[in-house]
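Coordinates as given in query.cif (mmCIF, C-alpha atoms and all ligand atoms):
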```cif
data_upload
#
loop_
_atom_site.label_atom_id
_atom_site.label_comp_id
_atom_site.auth_asym_id
_atom_site.auth_seq_id
_atom_site.Cartn_x
_atom_site.Cartn_y
_atom_site.Cartn_z
CA MET A 1 28.59 20.88 -3.07
CA ALA A 2 25.68 18.82 -4.41
CA THR A 3 22.95 20.81 -6.09
CA ALA A 4 19.30 21.08 -5.09
CA TYR A 5 16.76 19.19 -7.16
CA ARG A 6 13.03 19.09 -7.69
CA VAL A 7 10.90 16.00 -7.06
CA ARG A 8 7.20 15.15 -6.89
CA ALA A 9 6.52 12.94 -3.88
CA LEU A 10 3.85 11.44 -1.67
CA ALA A 11 4.30 11.97 2.09
CA LEU A 12 4.02 8.65 3.93
CA ARG A 13 5.02 9.39 7.49
CA LYS A 14 6.39 12.15 9.68
CA THR A 15 8.46 11.94 12.82
CA LYS A 16 9.54 14.69 15.15
CA LEU A 17 13.11 15.88 15.13
CA GLY A 18 14.44 18.17 17.83
CA GLU A 19 12.39 21.17 18.94
CA SER A 20 10.57 22.15 15.78
CA ASP A 21 11.73 20.03 12.84
CA LEU A 22 10.19 17.03 11.12
CA ILE A 23 11.61 14.06 9.30
CA VAL A 24 9.26 13.22 6.45
CA THR A 25 9.36 9.80 4.77
CA LEU A 26 8.40 10.22 1.12
CA LEU A 27 7.66 8.06 -1.89
CA ALA A 28 9.12 9.85 -4.90
CA ALA A 29 7.43 9.67 -8.30
CA ASP A 30 10.09 7.21 -9.49
CA GLY A 31 9.24 4.84 -6.62
CA CYS A 32 12.34 5.53 -4.53
CA GLN A 33 11.97 6.28 -0.84
CA ILE A 34 13.37 9.61 0.37
CA ARG A 35 13.77 10.70 3.97
CA ALA A 36 14.05 14.42 4.34
CA VAL A 37 14.13 17.07 7.04
CA ALA A 38 11.63 19.93 7.05
CA LYS A 39 13.21 22.56 9.25
CA GLY A 40 10.81 24.47 11.49
CA ALA A 41 7.87 22.48 10.14
CA ARG A 42 6.28 22.14 13.59
CA LYS A 43 6.20 25.89 14.23
CA THR A 44 2.75 27.41 13.83
CA LYS A 45 4.00 29.86 11.26
CA SER A 46 5.97 27.28 9.29
CA ARG A 47 6.19 28.01 5.59
CA PHE A 48 5.49 24.31 4.99
CA GLY A 49 2.08 24.49 6.69
CA ALA A 50 0.13 21.27 6.09
CA ARG A 51 1.91 20.56 2.81
CA LEU A 52 3.96 17.68 4.23
CA GLU A 53 1.15 15.89 6.08
CA PRO A 54 0.91 12.14 5.39
CA PHE A 55 -1.03 11.30 2.17
CA SER A 56 -0.37 14.70 0.59
CA VAL A 57 1.36 14.89 -2.78
CA ALA A 58 3.74 17.81 -3.23
CA ASP A 59 6.37 19.19 -5.55
CA LEU A 60 9.48 19.58 -3.44
CA MET A 61 12.83 21.22 -3.75
CA LEU A 62 15.43 19.11 -1.97
CA SER A 63 19.00 19.84 -1.00
CA PRO A 64 21.20 16.82 -0.44
CA GLY A 65 22.25 16.67 3.21
CA ARG A 66 24.79 14.48 4.97
CA SER A 67 22.40 11.66 5.89
CA LEU A 68 18.97 13.11 5.11
CA GLU A 69 17.83 15.47 2.37
CA ILE A 70 16.69 18.96 3.34
CA ILE A 71 13.31 20.21 2.08
CA THR A 72 13.68 23.83 1.03
CA GLU A 73 10.36 24.29 -0.79
CA ALA A 74 7.05 22.44 -0.85
CA GLU A 75 4.12 23.10 -3.13
CA THR A 76 0.91 21.10 -2.80
CA VAL A 77 -0.21 19.02 -5.77
CA THR A 78 -3.00 17.08 -4.02
CA SER A 79 -3.70 17.60 -0.33
CA HIS A 80 -5.98 14.55 0.18
CA ASN A 81 -7.53 16.41 3.12
CA ALA A 82 -10.51 14.07 3.39
CA LEU A 83 -8.14 11.19 4.17
CA ARG A 84 -7.14 12.89 7.41
CA SER A 85 -10.54 14.24 8.46
CA ASP A 86 -12.61 11.05 8.10
CA TYR A 87 -11.73 8.18 10.44
CA ASP A 88 -12.63 5.32 8.07
CA ARG A 89 -10.69 6.90 5.19
CA LEU A 90 -7.78 7.63 7.53
CA ARG A 91 -7.56 3.97 8.58
CA ALA A 92 -7.68 2.74 4.97
CA ALA A 93 -5.14 5.33 3.78
CA SER A 94 -2.86 4.45 6.71
CA VAL A 95 -2.64 0.84 5.46
CA ILE A 96 -1.57 2.16 2.04
CA ALA A 97 1.05 4.54 3.48
CA ASP A 98 2.43 1.95 5.91
CA PHE A 99 2.75 -0.63 3.12
CA LEU A 100 4.59 1.88 0.90
CA ASP A 101 6.82 2.91 3.78
CA LYS A 102 7.84 -0.72 4.31
CA VAL A 103 8.31 -1.82 0.68
CA SER A 104 9.92 1.26 -0.85
CA VAL A 105 13.69 1.54 -0.72
CA GLU A 106 16.13 4.40 -1.24
CA CYS A 107 17.41 4.56 -4.81
CA GLN A 108 15.33 1.60 -5.93
CA THR A 109 13.16 2.68 -8.82
CA GLU A 110 9.64 1.28 -9.25
CA SER A 111 7.68 3.92 -11.13
CA ARG A 112 4.37 2.01 -11.08
CA LEU A 113 4.28 2.15 -7.27
CA PHE A 114 3.75 5.92 -7.09
CA GLU A 115 1.04 5.80 -9.74
CA LEU A 116 -0.73 2.97 -7.88
CA ALA A 117 -0.38 4.80 -4.56
CA THR A 118 -1.74 8.15 -5.68
CA THR A 119 -4.56 6.59 -7.70
CA THR A 120 -5.59 4.48 -4.71
CA LEU A 121 -5.59 7.50 -2.38
CA ASP A 122 -7.56 9.56 -4.93
CA VAL A 123 -10.23 6.85 -5.03
CA ILE A 124 -10.25 6.26 -1.25
CA GLU A 125 -10.85 9.97 -0.77
CA ILE A 126 -14.18 9.92 -2.63
CA ALA A 127 -15.34 6.28 -2.37
CA GLU A 128 -18.36 5.08 -0.42
CA ILE A 129 -17.27 4.00 3.06
CA SER A 130 -18.64 0.50 2.35
CA ASP A 131 -16.18 0.15 -0.57
CA LEU A 132 -13.02 1.06 1.36
CA ARG A 133 -12.06 -2.45 2.38
CA ALA A 134 -12.27 -3.79 -1.18
CA LEU A 135 -10.06 -0.89 -2.28
CA VAL A 136 -7.49 -1.71 0.40
CA VAL A 137 -7.45 -5.35 -0.75
CA ALA A 138 -7.11 -4.30 -4.41
CA PHE A 139 -4.18 -2.05 -3.52
CA LEU A 140 -2.44 -4.79 -1.51
CA VAL A 141 -2.84 -7.36 -4.27
CA LYS A 142 -1.50 -4.96 -6.91
CA GLY A 143 1.26 -3.73 -4.62
CA MET A 144 2.35 -7.30 -3.83
CA ALA A 145 2.41 -8.09 -7.56
CA MET A 146 4.82 -5.17 -8.05
CA GLN A 147 7.02 -6.68 -5.34
CA GLY A 148 7.14 -9.93 -7.32
CA TYR A 149 4.29 -11.69 -5.53
CA ARG A 150 1.55 -11.83 -8.11
CA PRO A 151 -0.87 -14.50 -6.85
CA GLN A 152 -1.28 -17.54 -9.13
CA LEU A 153 -5.01 -18.19 -9.27
CA ALA A 154 -5.86 -20.04 -12.48
CA ALA A 155 -4.07 -23.36 -11.94
CA CYS A 156 -1.88 -25.00 -9.29
CA ALA A 157 0.97 -22.61 -8.47
CA CYS A 158 3.39 -25.55 -8.13
CA CYS A 159 2.59 -28.01 -10.93
CA ALA A 160 0.15 -26.03 -13.13
CA SER A 161 -2.45 -28.81 -13.05
CA ALA A 162 -6.13 -27.93 -12.67
CA THR A 163 -7.36 -27.37 -9.12
CA ASP A 164 -10.55 -28.79 -7.62
CA PRO A 165 -13.15 -25.98 -7.21
CA GLY A 166 -14.73 -27.97 -4.38
CA ASP A 167 -11.49 -28.13 -2.39
CA VAL A 168 -9.54 -24.92 -2.84
CA ARG A 169 -6.28 -24.48 -0.96
CA PHE A 170 -3.99 -21.51 -1.08
CA SER A 171 -0.27 -21.90 -0.51
CA LEU A 172 1.29 -18.81 1.06
CA ALA A 173 4.78 -20.06 0.13
CA ALA A 174 3.91 -20.90 -3.50
CA GLY A 175 1.84 -17.74 -3.76
CA GLY A 176 -1.35 -19.16 -5.18
CA VAL A 177 -3.89 -21.94 -5.32
CA VAL A 178 -2.47 -25.45 -5.21
CA CYS A 179 -3.80 -28.89 -6.16
CA PRO A 180 -4.36 -31.51 -3.40
CA ALA A 181 -1.16 -33.38 -4.36
CA CYS A 182 1.04 -30.29 -4.03
CA ALA A 183 -0.82 -29.11 -0.93
CA GLY A 184 0.13 -32.32 0.89
CA ALA A 185 3.61 -31.47 2.11
CA ASP A 186 3.17 -27.68 2.15
CA THR A 187 2.86 -26.35 5.70
CA SER A 188 1.90 -22.88 4.51
CA VAL A 189 -1.37 -24.05 2.94
CA VAL A 190 -4.58 -22.46 4.15
CA PRO A 191 -8.05 -23.60 3.07
CA VAL A 192 -10.09 -20.90 1.36
CA ALA A 193 -13.61 -20.62 -0.01
CA ALA A 194 -13.73 -21.17 -3.79
CA ASP A 195 -14.88 -17.61 -4.46
CA VAL A 196 -11.87 -15.99 -2.68
CA PRO A 197 -9.34 -16.62 -5.52
CA VAL A 198 -12.01 -15.45 -7.97
CA ALA A 199 -12.40 -12.20 -6.00
CA ILE A 200 -8.63 -11.68 -5.79
CA ASP A 201 -8.35 -12.19 -9.54
CA ALA A 202 -11.14 -9.66 -10.19
CA LEU A 203 -9.50 -7.09 -7.87
CA MET A 204 -6.12 -7.73 -9.47
CA ARG A 205 -7.48 -6.98 -12.95
CA ALA A 206 -9.82 -4.09 -12.09
CA ARG A 207 -8.75 -0.46 -12.23
CA LEU A 208 -9.02 1.13 -8.78
CA ALA A 209 -11.83 3.39 -9.98
CA ASP A 210 -13.80 0.30 -11.06
CA VAL A 211 -13.44 -1.72 -7.84
CA ALA A 212 -16.78 -0.52 -6.41
CA ALA A 213 -18.56 -1.58 -9.60
CA LEU A 214 -17.47 -5.19 -8.97
CA THR A 215 -20.01 -5.18 -6.07
CA ILE A 216 -18.23 -7.97 -4.21
CA PRO A 217 -20.40 -8.99 -1.23
CA GLU A 218 -19.15 -7.75 2.15
CA ALA A 219 -18.57 -11.23 3.60
CA LEU A 220 -16.46 -12.18 0.58
CA VAL A 221 -14.46 -8.95 0.85
CA SER A 222 -13.75 -9.86 4.50
CA ASP A 223 -12.63 -13.40 3.59
CA THR A 224 -10.47 -12.01 0.79
CA PHE A 225 -8.96 -9.37 3.04
CA ARG A 226 -8.07 -12.06 5.61
CA LEU A 227 -6.21 -14.16 3.03
CA VAL A 228 -4.43 -11.21 1.40
CA ARG A 229 -3.37 -9.86 4.78
CA THR A 230 -1.93 -13.28 5.71
CA PHE A 231 -0.18 -13.39 2.33
CA VAL A 232 1.37 -9.94 2.85
CA THR A 233 2.51 -10.77 6.39
CA TYR A 234 3.96 -14.09 5.25
CA HIS A 235 6.17 -12.56 2.55
CA LEU A 236 7.13 -9.12 3.81
CA PRO A 237 9.48 -9.12 6.78
CA ALA A 238 8.46 -5.72 8.17
CA ARG A 239 5.64 -5.52 10.67
CA MET A 240 2.68 -3.66 9.15
CA LYS A 241 1.10 -2.01 12.17
CA ALA A 242 -1.60 -0.13 10.23
CA LEU A 243 -2.63 -3.37 8.51
CA GLU A 244 -2.84 -5.17 11.85
CA ALA A 245 -4.96 -2.36 13.28
CA TYR A 246 -7.21 -2.42 10.22
CA ALA A 247 -7.73 -6.16 10.63
CA ARG A 248 -8.41 -5.84 14.36
CA GLU A 249 -11.01 -3.11 14.13
CA GLY A 250 -12.91 -4.90 11.37
ZN ZN B 1 -0.02 -29.08 -8.02
#
```
Take the structure in the file and give it back as structure tokens.
Ligand SMILES: [Zn+2]
Amino acid sequence: MATAYRVRALALRKTKLGESDLIVTLLAADGCQIRAVAKGARKTKSRFGARLEPFSVADLMLSPGRSLEIITEAETVTSHNALRSDYDRLRAASVIADFLDKVSVECQTESRLFELATTTLDVIEIAEISDLRALVVAFLVKGMAMQGYRPQLAACACCASATDPGDVRFSLAAGGVVCPACAGADTSVVPVAADVPVAIDALMRARLADVAALTIPEALVSDTFRLVRTFVTYHLPARMKALEAYAREG
């Protein structure tokens, strides 16, 4: 019989199972996705309480099951309560959790993903509401880079020649700005304002805690969000419902 093991994990999603159980989708500290059953978690007197709510970080004891792991113990590390009690924070955090749910894979290690995720949620929990959208964009850009889609912003993503600041085009397929010659035959090219790649680059380089200090104007954050969202949707096959909702509600 396989032995129980301990793991620190971020809860991304919960779904009901049977009368009183939950299936919790988790991002483990090593970046692997784990799906685990919390037995009796929906009973009022459950020993798990709120410790497996989405966005909470917990130290878990897991027992390998036949198809899903079984959670036998859960101890809160960070509850991130404010992410569930404030609507704007909830919407922003939902984009993060949905993205992680879709990109993380069982037994596929990516240790930077957990660090990025928990840092982003820590910052979203205390940030000014007006800074939330820039934080979501920063997370998406960094998260996409970890998936192998780091946007090319300095020179043409196809031929490396200099781009024209007065006529900036972004190729979704090439994953960056492209020169007019390369843009010609590329059907995935979208025109963007010249300051959008500059903003993406700044968000890419900034630590999450320093994103607010960039003071990117709201209209530019919106334009940048629109492009990054299109970029994410273009490359990732899964449908990101939370991201769509976030875009819709503005
Ligand atoms: Zn080119």
Please identify every residue of segment 49-135 of chain A that has at least one atom no farther than 8 Å from an atom of segment 9-13 of chain A, counting all atoms listed in the file, and for each give the shortest atom pair and the distance in Å to one decimal, arranged by chain then increasing number, as a tab-separated table.
```
residue	atom	partner	partner_atom	distance
A:Leu52	CA	A:Ala11	CA	6.1
A:Glu53	CA	A:Ala11	CA	6.4
A:Pro54	CA	A:Ala11	CA	4.7
A:Phe55	CA	A:Ala11	CA	5.4
A:Ser56	CA	A:Ala11	CA	5.6
A:Val57	CA	A:Leu10	CA	4.4
A:Ala58	CA	A:Ala9	CA	5.6
A:Asp59	CA	A:Ala9	CA	6.5
A:Leu60	CA	A:Ala9	CA	7.3
A:Ala97	CA	A:Leu12	CA	5.1
A:Asp98	CA	A:Leu12	CA	7.2
A:Leu100	CA	A:Leu12	CA	7.4
A:Asp101	CA	A:Leu12	CA	6.4
A:Phe114	CA	A:Leu10	CA	7.7
A:Thr118	CA	A:Leu10	CA	7.6
```
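Within 10 Å of the file-frame point (-17.5, -24.3, -4.3), and using only C-alpha atoms, the polymer residues found are Asp164, Pro165, Gly166, Asp167, Val168, Val192, Ala193, Ala194 and Asp195 of chain A.
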Counting only C-alpha atoms and all ligand atoms, what are the residues, protein, DNA or RNA alike, that approach ligand ZN 1 (chain B) to within 10 Å? I want them as a PDB file with C-alpha atoms, in the frame of the given file.
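The new file result.pdb reads:
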```pdb
ATOM      1  CA  ALA A 155      -4.070 -23.360 -11.940  1.00  0.00           C
ATOM      2  CA  CYS A 156      -1.880 -25.000  -9.290  1.00  0.00           C
ATOM      3  CA  ALA A 157       0.970 -22.610  -8.470  1.00  0.00           C
ATOM      4  CA  CYS A 158       3.390 -25.550  -8.130  1.00  0.00           C
ATOM      5  CA  CYS A 159       2.590 -28.010 -10.930  1.00  0.00           C
ATOM      6  CA  ALA A 160       0.150 -26.030 -13.130  1.00  0.00           C
ATOM      7  CA  SER A 161      -2.450 -28.810 -13.050  1.00  0.00           C
ATOM      8  CA  ALA A 162      -6.130 -27.930 -12.670  1.00  0.00           C
ATOM      9  CA  THR A 163      -7.360 -27.370  -9.120  1.00  0.00           C
ATOM     10  CA  VAL A 177      -3.890 -21.940  -5.320  1.00  0.00           C
ATOM     11  CA  VAL A 178      -2.470 -25.450  -5.210  1.00  0.00           C
ATOM     12  CA  CYS A 179      -3.800 -28.890  -6.160  1.00  0.00           C
ATOM     13  CA  PRO A 180      -4.360 -31.510  -3.400  1.00  0.00           C
ATOM     14  CA  ALA A 181      -1.160 -33.380  -4.360  1.00  0.00           C
ATOM     15  CA  CYS A 182       1.040 -30.290  -4.030  1.00  0.00           C
ATOM     16  CA  ALA A 183      -0.820 -29.110  -0.930  1.00  0.00           C
ATOM     17  CA  GLY A 184       0.130 -32.320   0.890  1.00  0.00           C
TER      18      GLY A 184
END
```
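The space between atom CA of Ala36 of chain A and atom CA of Ile71 of chain A spans 6.3 Å.
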As an exercise, work out the distance from atom CA of Ser85 of chain A to atom CA of Gly49 of chain A in Å and give it to one decimal place.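 So the answer is 16.4 Å.
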Could you check the closest approach to Ala245 of chain A for each of A:Arg84, A:Gly175, A:Val24, A:Val95 and tell me which residue wins, using only C-alpha atoms?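 Of A:Arg84, A:Gly175, A:Val24, A:Val95, the one nearest Ala245 of chain A, counting only C-alpha atoms, is A:Val95.
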Taking (-3.6, -5.8, -12.6) in the file's coordinates, which residues come within 10 Å, counting all atoms listed in the file, written as a ChimeraX atom specification?
/A:138-139,141-143,145-146,150,201-208
The distance between atom CA of Tyr234 of chain A and atom CA of Arg169 of chain A is 15.9 Å
Considering only C-alpha atoms, return as number ranges by chain whatever protein or nucleic-acid residues lie within 8 Å of Ala92 of chain A, sequence-local ones (same chain, fewer than 4 positions apart) excluded.
A: 88, 96, 124, 132-133, 136, 246
Output file for the residues above (C-alpha atoms, as a PDB file, keeping the file's coordinate frame):
```pdb
ATOM      1  CA  ASP A  88     -12.630   5.320   8.070  1.00  0.00           C
ATOM      2  CA  ILE A  96      -1.570   2.160   2.040  1.00  0.00           C
ATOM      3  CA  ILE A 124     -10.250   6.260  -1.250  1.00  0.00           C
ATOM      4  CA  LEU A 132     -13.020   1.060   1.360  1.00  0.00           C
ATOM      5  CA  ARG A 133     -12.060  -2.450   2.380  1.00  0.00           C
ATOM      6  CA  VAL A 136      -7.490  -1.710   0.400  1.00  0.00           C
ATOM      7  CA  TYR A 246      -7.210  -2.420  10.220  1.00  0.00           C
TER       8      TYR A 246
END
```
_So that I can see what lies close to Ser130 of chain A, please list as a ChimeraX atom specification the residues with an atom at most 12 Å from it, counting only C-alpha atoms and leaving out residues fewer than 2 positions away in the same chain._
/A:88-89,92,124,126-128,132-136,211-212,215-219,221-222,250
Quick one: write out the picked residues with C-alpha atoms as an mmCIF file, keeping the file's coordinate frame?
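Output saved as again-v4.cif:
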```cif
data_model
loop_
_atom_site.group_PDB
_atom_site.id
_atom_site.type_symbol
_atom_site.label_atom_id
_atom_site.label_comp_id
_atom_site.auth_asym_id
_atom_site.auth_seq_id
_atom_site.Cartn_x
_atom_site.Cartn_y
_atom_site.Cartn_z
ATOM 1 C CA ASP A 88 -12.630 5.320 8.070
ATOM 2 C CA ARG A 89 -10.690 6.900 5.190
ATOM 3 C CA ALA A 92 -7.680 2.740 4.970
ATOM 4 C CA ILE A 124 -10.250 6.260 -1.250
ATOM 5 C CA ILE A 126 -14.180 9.920 -2.630
ATOM 6 C CA ALA A 127 -15.340 6.280 -2.370
ATOM 7 C CA GLU A 128 -18.360 5.080 -0.420
ATOM 8 C CA LEU A 132 -13.020 1.060 1.360
ATOM 9 C CA ARG A 133 -12.060 -2.450 2.380
ATOM 10 C CA ALA A 134 -12.270 -3.790 -1.180
ATOM 11 C CA LEU A 135 -10.060 -0.890 -2.280
ATOM 12 C CA VAL A 136 -7.490 -1.710 0.400
ATOM 13 C CA VAL A 211 -13.440 -1.720 -7.840
ATOM 14 C CA ALA A 212 -16.780 -0.520 -6.410
ATOM 15 C CA THR A 215 -20.010 -5.180 -6.070
ATOM 16 C CA ILE A 216 -18.230 -7.970 -4.210
ATOM 17 C CA PRO A 217 -20.400 -8.990 -1.230
ATOM 18 C CA GLU A 218 -19.150 -7.750 2.150
ATOM 19 C CA ALA A 219 -18.570 -11.230 3.600
ATOM 20 C CA VAL A 221 -14.460 -8.950 0.850
ATOM 21 C CA SER A 222 -13.750 -9.860 4.500
ATOM 22 C CA GLY A 250 -12.910 -4.900 11.370
#
```
Ala4 of chain A surroundings by all atoms listed in the file, 12 Å radius, close-in-sequence under 3 positions cut, as a short mmCIF file (atom, residue, chain, number, x, y, z; two decimals) with C-alpha atoms, keeping the file's coordinate frame:
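The new file part_31.cif reads:
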```
data_model
loop_
_atom_site.label_atom_id
_atom_site.label_comp_id
_atom_site.auth_asym_id
_atom_site.auth_seq_id
_atom_site.Cartn_x
_atom_site.Cartn_y
_atom_site.Cartn_z
CA MET A 1 28.59 20.88 -3.07
CA VAL A 7 10.90 16.00 -7.06
CA LEU A 60 9.48 19.58 -3.44
CA MET A 61 12.83 21.22 -3.75
CA LEU A 62 15.43 19.11 -1.97
CA SER A 63 19.00 19.84 -1.00
CA PRO A 64 21.20 16.82 -0.44
CA GLY A 65 22.25 16.67 3.21
CA GLU A 69 17.83 15.47 2.37
CA ILE A 70 16.69 18.96 3.34
CA ILE A 71 13.31 20.21 2.08
CA THR A 72 13.68 23.83 1.03
CA GLU A 73 10.36 24.29 -0.79
#
```
- Message: Which residues are near His235 of chain A? Cut-off 10 Å, all atoms listed in the file, ignore same chain within fewer than 4 positions. Put them as a count of residues only.
- Response: 8
Hey, what's within 8 Å of Gly176 of chain A if we count all atoms listed in the file and toss same-chain stuff fewer than 5 positions away? As a list in words, please?
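What passes the distance filter is Pro151, Gln152, Leu153, Cys156, Ala157, Phe170 and Ser171 of chain A.
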Six-sided padding of 6 Å per side, axis-aligned box over segment 5-21 of chain A, centre and edges in Å, one decimal, as lines of an AutoDock Vina configuration file:
```
center_x = 10.3
center_y = 15.4
center_z = 5.6
size_x = 24.9
size_y = 25.5
size_z = 38.6
```
